[in-house]
$ cat entry15.cif   # mmCIF, C-alpha atoms
data_upload
loop_
_atom_site.label_atom_id
_atom_site.label_comp_id
_atom_site.auth_asym_id
_atom_site.auth_seq_id
_atom_site.Cartn_x
_atom_site.Cartn_y
_atom_site.Cartn_z
CA MET A 1 53.88 14.57 200.91
CA MET A 2 57.38 15.74 199.99
CA ARG A 3 56.50 19.30 200.99
CA THR A 4 55.09 18.08 204.32
CA ILE A 5 58.14 15.99 205.17
CA ARG A 6 60.60 18.76 204.16
CA LYS A 7 59.56 21.14 206.92
CA LYS A 8 62.89 22.23 208.30
CA MET A 9 66.47 21.06 208.21
CA LYS A 10 67.35 20.15 211.78
CA PHE A 11 71.02 20.94 211.66
CA ILE A 12 72.55 21.49 215.08
CA LEU A 13 74.88 24.07 213.54
CA ILE A 14 74.36 27.83 213.31
CA LEU A 15 76.89 29.53 211.04
CA MET A 16 77.78 32.57 213.07
CA ALA A 17 79.22 36.07 213.08
CA ALA A 18 80.20 37.07 209.56
CA PHE A 19 76.86 36.97 207.85
CA PHE A 20 74.98 38.63 210.71
CA ILE A 21 77.08 41.77 211.12
CA ILE A 22 74.34 44.09 209.85
CA SER A 23 71.88 43.00 212.54
CA PHE A 24 70.80 45.82 214.79
CA PHE A 25 70.54 43.96 218.12
CA TYR A 26 67.11 45.39 218.91
CA GLY A 27 65.31 43.91 221.86
CA PHE A 28 68.47 43.09 223.79
CA GLY A 29 67.78 45.66 226.48
CA LYS A 30 65.46 43.37 228.44
CA TYR A 31 68.32 40.90 228.91
CA LYS A 32 70.70 43.41 230.45
CA SER A 33 68.95 43.18 233.82
CA ASN A 34 70.72 39.93 234.67
CA GLN A 35 74.06 40.68 232.99
CA GLY A 36 75.63 41.51 236.31
CA GLN A 37 74.98 37.96 237.44
CA THR A 38 76.18 36.49 234.15
CA GLN A 39 79.42 38.47 234.09
CA ASN A 40 80.46 36.74 237.33
CA ILE A 41 80.66 33.45 235.41
CA GLY A 42 84.27 33.89 234.35
CA ASN A 43 85.93 34.50 231.02
CA ASN A 44 85.71 31.01 229.53
CA LEU A 45 82.24 29.46 229.31
CA ALA A 46 83.57 26.26 227.74
CA ASP A 47 86.72 24.60 226.40
CA VAL A 48 86.64 22.48 223.26
CA ASN A 49 89.74 20.31 222.89
CA GLY A 50 91.65 23.03 224.71
CA ILE A 51 90.20 25.91 222.67
CA PRO A 52 88.22 28.32 224.87
CA ILE A 53 84.81 29.79 224.09
CA THR A 54 84.95 33.13 225.86
CA TYR A 55 82.11 35.01 227.48
CA ASN A 56 82.57 37.97 225.11
CA HIS A 57 82.44 35.73 222.03
CA TRP A 58 79.33 34.00 223.37
CA LEU A 59 77.69 37.35 224.20
CA LYS A 60 78.13 38.66 220.63
CA THR A 61 76.70 35.44 219.22
CA PHE A 62 73.78 35.54 221.65
CA GLN A 63 73.07 39.14 220.63
CA ASN A 64 73.07 38.12 216.97
CA THR A 65 70.65 35.29 217.75
CA VAL A 66 68.29 37.50 219.74
CA SER A 67 68.30 40.16 217.01
CA ARG A 68 66.62 37.69 214.64
CA TYR A 69 63.49 37.39 216.80
CA ASP A 70 60.67 39.88 216.41
CA ASN A 71 59.64 42.12 219.30
CA ASP A 72 56.48 40.13 220.08
CA THR A 73 58.48 36.92 220.49
CA LEU A 74 61.04 38.65 222.67
CA SER A 75 58.42 40.20 224.93
CA ASN A 76 56.80 36.78 225.51
CA MET A 77 60.04 35.04 226.52
CA ASP A 78 60.32 34.48 230.27
CA GLN A 79 63.63 34.08 232.05
CA LEU A 80 63.49 30.27 231.94
CA ALA A 81 63.16 30.42 228.15
CA ILE A 82 65.99 32.93 227.91
CA ASN A 83 68.29 30.66 229.92
CA ALA A 84 67.44 27.72 227.66
CA LEU A 85 68.27 29.87 224.63
CA LYS A 86 71.58 30.91 226.20
CA ASN A 87 72.55 27.26 226.67
CA ASN A 88 71.45 26.44 223.12
CA VAL A 89 73.66 29.20 221.69
CA LEU A 90 76.63 27.89 223.69
CA LYS A 91 76.00 24.35 222.40
CA GLN A 92 75.83 25.63 218.83
CA MET A 93 79.14 27.44 219.31
CA ILE A 94 80.72 24.23 220.61
CA ASN A 95 79.50 22.34 217.55
CA SER A 96 80.83 25.05 215.25
CA GLU A 97 84.23 24.91 216.94
CA LEU A 98 84.31 21.12 216.56
CA LEU A 99 83.49 21.40 212.85
CA LEU A 100 86.15 24.06 212.37
CA GLN A 101 88.74 21.89 214.09
CA GLN A 102 87.78 18.94 211.88
CA ALA A 103 88.04 21.12 208.78
CA SER A 104 91.56 22.10 209.85
CA ASN A 105 92.44 18.45 210.47
CA ASP A 106 91.19 17.65 206.96
CA LYS A 107 93.49 20.41 205.67
CA ILE A 108 90.62 22.36 204.13
CA THR A 109 91.82 25.76 202.97
CA ILE A 110 89.98 28.69 201.43
CA PRO A 111 91.72 30.76 198.71
CA GLY A 112 92.02 34.48 199.39
CA ASP A 113 90.08 35.43 196.26
CA GLU A 114 87.10 33.37 197.50
CA ILE A 115 87.13 35.26 200.80
CA ASN A 116 87.39 38.60 198.97
CA SER A 117 84.45 37.57 196.78
CA GLU A 118 82.33 37.08 199.91
CA ILE A 119 83.45 40.49 201.19
CA ASP A 120 82.31 42.03 197.90
CA LYS A 121 78.89 40.36 198.24
CA ILE A 122 78.49 41.90 201.69
CA LYS A 123 79.61 45.32 200.44
CA ASN A 124 76.95 45.17 197.72
CA ASN A 125 74.32 45.43 200.48
CA PHE A 126 75.55 48.94 201.28
CA GLY A 127 75.33 52.17 199.38
CA SER A 128 79.01 52.97 199.62
CA GLU A 129 82.38 51.84 200.97
CA GLU A 130 82.01 54.42 203.74
CA GLU A 131 78.66 52.99 204.84
CA PHE A 132 80.16 49.49 204.92
CA ASP A 133 83.08 50.74 207.03
CA SER A 134 80.76 52.57 209.42
CA ILE A 135 78.70 49.41 210.03
CA LEU A 136 81.87 47.46 210.80
CA LYS A 137 82.97 50.18 213.21
CA ALA A 138 79.55 50.35 214.89
CA ASN A 139 79.73 46.60 215.54
CA ASN A 140 83.38 46.71 216.68
CA ILE A 141 84.51 44.48 213.82
CA THR A 142 87.63 45.08 211.78
CA LEU A 143 87.93 44.05 208.13
CA SER A 144 90.59 41.54 209.18
CA GLN A 145 88.23 39.98 211.75
CA LEU A 146 85.46 39.81 209.17
CA LYS A 147 87.75 37.99 206.74
CA GLU A 148 88.74 35.53 209.46
CA ASP A 149 85.08 34.86 210.29
CA ILE A 150 84.25 34.35 206.63
CA GLU A 151 87.18 31.98 206.23
CA ARG A 152 86.00 29.91 209.22
CA ASN A 153 82.45 29.77 207.90
CA LEU A 154 83.61 28.73 204.44
CA MET A 155 85.84 26.03 205.93
CA ILE A 156 82.88 24.63 207.86
CA ASN A 157 80.66 24.83 204.77
CA ARG A 158 83.30 22.98 202.72
CA LEU A 159 83.50 20.25 205.38
CA LEU A 160 79.72 19.86 205.36
CA GLU A 161 79.62 19.78 201.56
CA ASN A 162 82.32 17.10 201.52
CA THR A 163 80.23 15.08 203.98
CA LYS A 164 77.10 15.47 201.87
CA ASN A 165 78.90 14.59 198.64
CA LYS A 166 79.59 11.10 199.98
CA ILE A 167 75.88 10.30 199.89
CA VAL A 168 74.81 8.01 197.03
CA ILE A 169 71.26 6.77 196.50
CA SER A 170 70.95 3.42 194.73
CA ASP A 171 68.20 2.44 192.28
CA GLU A 172 67.13 -0.22 194.79
CA GLU A 173 66.53 2.45 197.44
CA LEU A 174 64.55 4.55 194.98
CA LYS A 175 62.33 1.63 193.97
CA LYS A 176 61.81 0.56 197.58
CA TYR A 177 60.68 4.05 198.53
CA PHE A 178 58.35 4.23 195.54
CA ASP A 179 56.73 0.87 196.34
CA GLU A 180 56.20 1.86 199.98
CA ASN A 181 54.94 5.38 199.27
CA GLU A 182 53.23 5.17 195.87
CA LYS A 183 49.90 6.41 197.23
CA SER A 184 51.49 9.44 198.84
CA LEU A 185 53.02 10.42 195.49
CA PHE A 186 49.55 10.81 194.00
CA GLU A 187 49.04 14.33 192.63
CA PRO A 188 45.52 15.71 193.13
CA GLU A 189 43.76 18.10 190.78
CA LYS A 190 45.40 21.54 190.82
CA VAL A 191 44.61 25.02 189.58
CA HIS A 192 47.03 27.86 188.94
CA ALA A 193 45.15 31.13 189.42
CA ARG A 194 45.53 34.85 189.90
CA HIS A 195 43.08 37.10 191.68
CA ILE A 196 42.31 40.72 192.36
CA LEU A 197 40.88 41.47 195.81
CA VAL A 198 39.02 44.73 196.51
CA GLU A 199 36.74 46.02 199.30
CA THR A 200 33.53 46.78 197.39
CA GLU A 201 31.43 45.03 194.75
CA LYS A 202 31.22 48.29 192.77
CA GLU A 203 34.99 48.48 192.43
CA ALA A 204 35.13 44.80 191.44
CA MET A 205 32.54 45.39 188.68
CA GLU A 206 34.56 48.33 187.36
CA ILE A 207 37.68 46.14 187.19
CA ILE A 208 35.79 43.45 185.27
CA SER A 209 34.70 46.10 182.76
CA GLN A 210 38.31 47.16 182.26
CA LEU A 211 39.38 43.56 181.75
CA GLN A 212 36.60 42.94 179.22
CA GLU A 213 37.77 45.92 177.22
CA GLY A 214 41.17 44.25 176.95
CA ILE A 215 43.03 47.50 177.58
CA ILE A 216 45.09 46.31 180.55
CA ASP A 217 46.71 43.03 181.55
CA PHE A 218 45.21 41.13 184.52
CA ALA A 219 48.55 40.93 186.35
CA GLU A 220 49.23 44.64 185.94
CA LEU A 221 45.75 45.50 187.18
CA ALA A 222 46.27 43.21 190.20
CA LYS A 223 49.47 45.08 191.08
CA GLU A 224 47.62 48.38 190.86
CA LYS A 225 44.26 47.54 192.44
CA SER A 226 44.43 44.39 194.59
CA THR A 227 44.58 44.74 198.36
CA GLY A 228 45.78 41.15 198.90
CA PRO A 229 49.41 40.25 199.71
CA SER A 230 49.75 38.56 196.30
CA SER A 231 49.30 41.92 194.55
CA GLU A 232 53.06 42.43 194.27
CA ASN A 233 53.20 39.25 192.17
CA GLY A 234 50.35 40.32 189.94
CA GLY A 235 47.81 38.44 192.06
CA ASP A 236 49.57 35.14 191.39
CA LEU A 237 48.52 32.41 193.84
CA GLY A 238 50.48 29.64 192.13
CA PHE A 239 49.04 26.12 192.02
CA PHE A 240 46.69 25.02 194.79
CA THR A 241 44.54 21.96 195.47
CA ARG A 242 41.02 21.65 196.84
CA GLY A 243 40.79 22.50 200.53
CA GLN A 244 43.49 25.16 200.48
CA MET A 245 41.23 28.13 199.73
CA VAL A 246 37.96 29.28 201.26
CA LYS A 247 34.95 27.43 199.83
CA GLU A 248 33.43 30.30 197.77
CA PHE A 249 36.78 31.06 196.13
CA GLU A 250 37.66 27.42 195.50
CA GLU A 251 34.36 26.53 193.80
CA ILE A 252 34.77 29.23 191.18
CA ALA A 253 38.52 28.74 190.68
CA PHE A 254 38.10 25.03 189.91
CA ALA A 255 35.17 25.73 187.57
CA LEU A 256 37.22 28.06 185.33
CA GLN A 257 39.12 27.01 182.21
CA PRO A 258 42.63 28.30 181.39
CA GLY A 259 42.46 31.95 180.34
CA GLU A 260 38.93 32.40 181.69
CA ILE A 261 38.10 35.23 184.12
CA SER A 262 35.34 34.92 186.72
CA GLU A 263 32.52 37.23 187.66
CA VAL A 264 32.69 38.89 191.07
CA VAL A 265 33.24 36.37 193.88
CA LYS A 266 32.39 37.42 197.43
CA THR A 267 34.21 35.89 200.42
CA GLN A 268 34.84 36.91 204.01
CA PHE A 269 37.91 38.82 202.78
CA GLY A 270 36.14 41.00 200.22
CA PHE A 271 35.34 40.83 196.52
CA HIS A 272 37.51 38.85 194.11
CA ILE A 273 38.02 38.56 190.37
CA ILE A 274 39.74 35.27 189.55
CA LYS A 275 41.69 34.29 186.46
CA CYS A 276 42.58 30.65 185.74
CA GLU A 277 46.09 30.38 184.31
CA GLU A 278 46.47 26.61 184.14
CA ARG A 279 44.86 23.37 185.30
CA LYS A 280 46.36 19.99 186.15
CA ASP A 281 44.18 16.91 186.42
CA GLU A 282 44.77 14.38 189.20
CA TYR A 283 47.57 12.02 188.30
CA GLN A 284 49.42 8.99 189.65
CA PRO A 285 53.06 9.26 188.47
CA THR A 286 55.02 6.17 187.45
CA PHE A 287 58.30 5.11 189.05
CA GLU A 288 60.34 6.59 186.19
CA GLU A 289 58.49 9.88 186.52
CA SER A 290 59.04 9.92 190.30
CA LYS A 291 62.72 8.90 190.39
CA ASP A 292 64.21 12.39 190.39
CA LYS A 293 61.86 13.68 193.07
CA ILE A 294 62.45 10.63 195.28
CA ASN A 295 66.21 10.90 194.76
CA ASP A 296 66.19 14.56 195.78
CA PHE A 297 64.17 13.81 198.90
CA LEU A 298 66.24 10.80 200.02
CA LYS A 299 69.49 12.64 199.33
CA TYR A 300 68.29 15.64 201.34
CA GLN A 301 67.26 13.34 204.20
CA LYS A 302 70.50 11.35 204.20
CA GLU A 303 72.62 14.49 203.96
CA ASN A 304 71.01 15.84 207.12
CA GLU A 305 71.51 12.51 208.85
CA ALA A 306 75.17 12.44 207.79
CA VAL A 307 75.80 15.95 209.17
CA SER A 308 74.05 15.10 212.44
CA GLU A 309 76.09 11.88 212.72
CA LEU A 310 79.30 13.82 212.06
CA ILE A 311 78.51 16.33 214.80
CA THR A 312 77.58 13.54 217.22
CA LEU A 313 80.84 11.70 216.45
CA LEU A 314 82.91 14.86 216.95
CA ASN A 315 81.20 15.49 220.29
CA ASP A 316 81.75 11.89 221.43
CA ASN A 317 85.47 12.01 220.62
CA ALA A 318 86.14 15.52 221.93
CA ASP A 319 87.37 16.79 225.26
CA ILE A 320 84.62 19.30 226.08
CA VAL A 321 84.48 21.14 229.39
CA ILE A 322 81.42 23.32 230.04
CA ASN A 323 82.24 25.77 232.81
CA TYR A 324 78.79 27.27 233.21
CA ASP A 325 75.25 26.01 232.76
CA PHE A 326 72.87 28.94 232.26
CA GLU A 327 69.91 26.84 233.34
CA SER A 328 71.47 26.61 236.80
CA GLU A 329 69.95 30.07 237.22
CA ASN A 330 66.45 28.59 236.84
CA GLU A 331 66.15 27.56 240.48
CA GLU A 332 66.73 31.14 241.57
CA VAL A 333 64.24 32.41 238.97
CA THR A 334 61.61 29.87 240.06
CA THR A 335 62.08 30.77 243.71
CA SER A 336 61.67 34.43 242.90
CA GLN A 337 58.46 33.74 240.93
CA GLU A 338 57.02 31.64 243.79
CA GLU A 339 57.62 34.49 246.22
CA ILE A 340 55.67 36.86 243.98
CA GLN A 341 52.72 34.54 243.22
CA PRO A 342 49.77 34.19 245.67
CA GLU A 343 49.76 30.92 247.62
CA ASP A 344 46.60 29.65 245.87
CA SER A 345 47.89 30.35 242.38
CA THR A 346 47.72 27.31 240.13
CA GLU A 347 49.18 28.93 237.04
CA ALA A 348 52.23 27.26 235.56
CA SER A 349 54.87 29.12 233.64
CA GLU A 350 55.09 28.27 229.99
CA THR A 351 58.17 28.21 227.83
CA ALA A 352 57.95 30.44 224.77
CA ASP A 353 57.95 28.93 221.31
CA PHE A 354 61.14 30.05 219.54
CA GLU A 355 60.14 28.84 216.04
CA ASP A 356 60.16 31.58 213.42
CA ASN A 357 56.72 31.83 211.77
CA SER A 358 57.50 34.72 209.49
CA GLU A 359 55.94 33.17 206.38
CA SER A 360 52.70 34.89 205.47
CA ALA A 361 49.80 33.38 203.55
CA ASP A 362 47.33 34.95 201.18
CA PRO A 363 44.06 35.81 202.97
CA THR A 364 42.09 33.50 200.70
CA THR A 365 43.76 30.45 202.21
CA THR A 366 41.95 28.41 204.83
CA LYS A 367 44.94 28.17 207.17
#
$ encode --input "entry15.cif" --output "structure tokens"
Amino acid sequence: MMRTIRKKMKFILILMAAFFIISFFYGFGKYKSNQGQTQNIGNNLADVNGIPITYNHWLKTFQNTVSRYDNDTLSNMDQLAINALKNNVLKQMINSELLLQQASNDKITIPGDEINSEIDKIKNNFGSEEEFDSILKANNITLSQLKEDIERNLMINRLLENTKNKIVISDEELKKYFDENEKSLFEPEKVHARHILVETEKEAMEIISQLQEGIIDFAELAKEKSTGPSSENGGDLGFFTRGQMVKEFEEIAFALQPGEISEVVKTQFGFHIIKCEERKDEYQPTFEESKDKINDFLKYQKENEAVSELITLLNDNADIVINYDFESENEEVTTSQEEIQPEDSTEASETADFEDNSESADPTTTK
């Protein structure tokens, strides 16, 4: 349950600029077609308590945001979706400015050696000082600007950490959560397994022969022979419960004892050899055993709520003037699309899904 609830932190904030300088802004070309229109907006897109958010600053942040989407996502984004993203980036910049202003009001300062330490971490991603300098130059960023951006980000982070550190979870809250969610804390039977996936039964039989001879370790052989994505980790699939793997694989995996290696198992993905590393029987944890996990979850939840409440409060008390709404361009886009479509067309435009689904699963999983 905890894993299901902890899907994504819904912070409104994006920490910008400094930690995205090595992005290569691919895919931005398709957005240049309407830049002429956008550049007529004016220099200041918004003012936050008298501090302007300029078009150029917004454009760099928008480029950084776009660079983190893959090409398939970018190609499927229509103009309505792009305009929504533009507004979202502007809103995130407003929130960041509000947090920075609050950090300054709270007299949060960052020592120079802490900033230099962050610079050193960034430099470690490059082969040489020259390469680091060339990337800064290519992105029109000076070392002084980078240090300023890092200082701002660290100030915001310190403010958020101070907000989170005020969260305290009482024993009464822990017990209440346990009593209301005891069933969901139940831990089903689990198996920790490794596997080697190959294309032919003959190759699988040869691998089993090698394993029986005891000459080579299972994990090493998985790295060398397995075609599955878990091969880099020695075929390690970690712990899984029933229903997470395809039926043929699951039946054998749950029948093995720790240290035992299966015969050849055929699935839709190919031929597998499975090794059971560890088993855990189903178990209902007690309150004392669950306290730390519940505390972590409630603290995580309340921290997110506290940050969201802080940002809402800062917005409510701020003097914010938004000089341009990118979605005001939607009417023109819709009109243009209607002119192109046949009169009897019933198709509706769909907004692209921006969520990053970069996590990959092993092919033996059912989802």
$ residues_near_point --input "entry15.cif" --point "(54.3, 10.0, 186.7)" --cutoff "12 Å" --atoms "all atoms listed in the file" --output "ChimeraX atom specification"
/A:178,182-183,185-187,282-294
$ resolve_selection --input "entry15.cif" --expression "the PyMOL selection byres ((chain A and resi 82-92) around 7)" --output "PyMOL selection string"
chain A and resi 12-14+58+62+77-81+93-96+325-327
$ write_last_selection --input "entry15.cif" --atoms "C-alpha atoms" --output "CSV table (one decimal), in the coordinates of the input"
chain,number,residue,atom,x,y,z
A,12,ILE,CA,72.6,21.5,215.1
A,13,LEU,CA,74.9,24.1,213.5
A,14,ILE,CA,74.4,27.8,213.3
A,58,TRP,CA,79.3,34.0,223.4
A,62,PHE,CA,73.8,35.5,221.6
A,77,MET,CA,60.0,35.0,226.5
A,78,ASP,CA,60.3,34.5,230.3
A,79,GLN,CA,63.6,34.1,232.0
A,80,LEU,CA,63.5,30.3,231.9
A,81,ALA,CA,63.2,30.4,228.2
A,93,MET,CA,79.1,27.4,219.3
A,94,ILE,CA,80.7,24.2,220.6
A,95,ASN,CA,79.5,22.3,217.6
A,96,SER,CA,80.8,25.0,215.2
A,325,ASP,CA,75.2,26.0,232.8
A,326,PHE,CA,72.9,28.9,232.3
A,327,GLU,CA,69.9,26.8,233.3
$ residues_around --input "entry15.cif" --residues "Lys302 (chain A)" --least-positions-apart "4" --cutoff "12 Å" --atoms "only C-alpha atoms" --output "ChimeraX atom specification"
/A:9,163-169,173,295-298,306-309
$ closest_residue --input "entry15.cif" --among "A:Glu305, A:Glu151, A:Asp217, A:Glu263" --to "Ser117 (chain A)" --atoms "all atoms listed in the file"
A:Glu151
$ closest_residue --input "entry15.cif" --among "A:Ser230, A:Ile115, A:Ile311, A:Glu278" --to "Gln145 (chain A)" --atoms "all atoms listed in the file"
A:Ile115
$ closest_residue --input "entry15.cif" --among "A:Val198, A:Ala219, A:Leu154, A:Ala193" --to "Ser262 (chain A)" --atoms "only C-alpha atoms"
A:Ala193
$ atom_distance --input "entry15.cif" --atom1 "CA of Arg152 (chain A)" --atom2 "CA of Asp70 (chain A)"
28.2 Å
$ atom_distance --input "entry15.cif" --atom1 "CA of Glu277 (chain A)" --atom2 "CA of Ala222 (chain A)"
14.1 Å
$ build_atoms --input "entry15.cif" --residues "region 58-79 of chain A" --atoms "N, CA and C atoms" --output "mmCIF file, in the frame of the given file"
data_model
loop_
_atom_site.group_PDB
_atom_site.id
_atom_site.type_symbol
_atom_site.label_atom_id
_atom_site.label_comp_id
_atom_site.auth_asym_id
_atom_site.auth_seq_id
_atom_site.Cartn_x
_atom_site.Cartn_y
_atom_site.Cartn_z
ATOM 1 N N TRP A 58 80.699 34.516 223.202
ATOM 2 C CA TRP A 58 79.330 34.000 223.370
ATOM 3 C C TRP A 58 78.316 35.142 223.380
ATOM 4 N N LEU A 59 78.641 36.239 224.089
ATOM 5 C CA LEU A 59 77.690 37.350 224.200
ATOM 6 C C LEU A 59 77.362 37.938 222.833
ATOM 7 N N LYS A 60 78.376 38.119 221.974
ATOM 8 C CA LYS A 60 78.130 38.660 220.630
ATOM 9 C C LYS A 60 77.245 37.709 219.824
ATOM 10 N N THR A 61 77.499 36.413 219.951
ATOM 11 C CA THR A 61 76.700 35.440 219.220
ATOM 12 C C THR A 61 75.270 35.405 219.744
ATOM 13 N N PHE A 62 75.116 35.505 221.051
ATOM 14 C CA PHE A 62 73.780 35.540 221.650
ATOM 15 C C PHE A 62 73.019 36.772 221.184
ATOM 16 N N GLN A 63 73.698 37.912 221.120
ATOM 17 C CA GLN A 63 73.070 39.140 220.630
ATOM 18 C C GLN A 63 72.600 38.966 219.191
ATOM 19 N N ASN A 64 73.443 38.367 218.357
ATOM 20 C CA ASN A 64 73.070 38.120 216.970
ATOM 21 C C ASN A 64 71.837 37.227 216.879
ATOM 22 N N THR A 65 71.787 36.208 217.742
ATOM 23 C CA THR A 65 70.650 35.290 217.750
ATOM 24 C C THR A 65 69.377 36.009 218.156
ATOM 25 N N VAL A 66 69.454 36.777 219.239
ATOM 26 C CA VAL A 66 68.290 37.500 219.740
ATOM 27 C C VAL A 66 67.782 38.506 218.718
ATOM 28 N N SER A 67 68.691 39.117 217.964
ATOM 29 C CA SER A 67 68.300 40.160 217.010
ATOM 30 C C SER A 67 67.428 39.617 215.888
ATOM 31 N N ARG A 68 67.408 38.278 215.719
ATOM 32 C CA ARG A 68 66.620 37.690 214.640
ATOM 33 C C ARG A 68 65.197 37.347 215.066
ATOM 34 N N TYR A 69 64.860 37.565 216.346
ATOM 35 C CA TYR A 69 63.490 37.390 216.800
ATOM 36 C C TYR A 69 62.746 38.712 216.724
ATOM 37 N N ASP A 70 61.445 38.643 216.436
ATOM 38 C CA ASP A 70 60.670 39.880 216.410
ATOM 39 C C ASP A 70 60.338 40.307 217.843
ATOM 40 N N ASN A 71 59.881 41.556 217.979
ATOM 41 C CA ASN A 71 59.640 42.120 219.300
ATOM 42 C C ASN A 71 58.574 41.363 220.084
ATOM 43 N N ASP A 72 57.539 40.870 219.395
ATOM 44 C CA ASP A 72 56.480 40.130 220.080
ATOM 45 C C ASP A 72 57.030 38.852 220.707
ATOM 46 N N THR A 73 57.875 38.140 219.954
ATOM 47 C CA THR A 73 58.480 36.920 220.490
ATOM 48 C C THR A 73 59.343 37.224 221.694
ATOM 49 N N LEU A 74 60.152 38.278 221.568
ATOM 50 C CA LEU A 74 61.040 38.650 222.670
ATOM 51 C C LEU A 74 60.265 39.004 223.928
ATOM 52 N N SER A 75 59.180 39.752 223.764
ATOM 53 C CA SER A 75 58.420 40.200 224.930
ATOM 54 C C SER A 75 57.716 39.053 225.637
ATOM 55 N N ASN A 76 57.484 37.934 224.924
ATOM 56 C CA ASN A 76 56.800 36.780 225.510
ATOM 57 C C ASN A 76 57.752 35.741 226.099
ATOM 58 N N MET A 77 59.046 35.992 226.001
ATOM 59 C CA MET A 77 60.040 35.040 226.520
ATOM 60 C C MET A 77 60.288 35.305 227.994
ATOM 61 N N ASP A 78 60.001 34.318 228.856
ATOM 62 C CA ASP A 78 60.320 34.480 230.270
ATOM 63 C C ASP A 78 61.775 34.108 230.523
ATOM 64 N N GLN A 79 62.219 34.285 231.762
ATOM 65 C CA GLN A 79 63.630 34.080 232.050
ATOM 66 C C GLN A 79 64.065 32.631 231.870
#
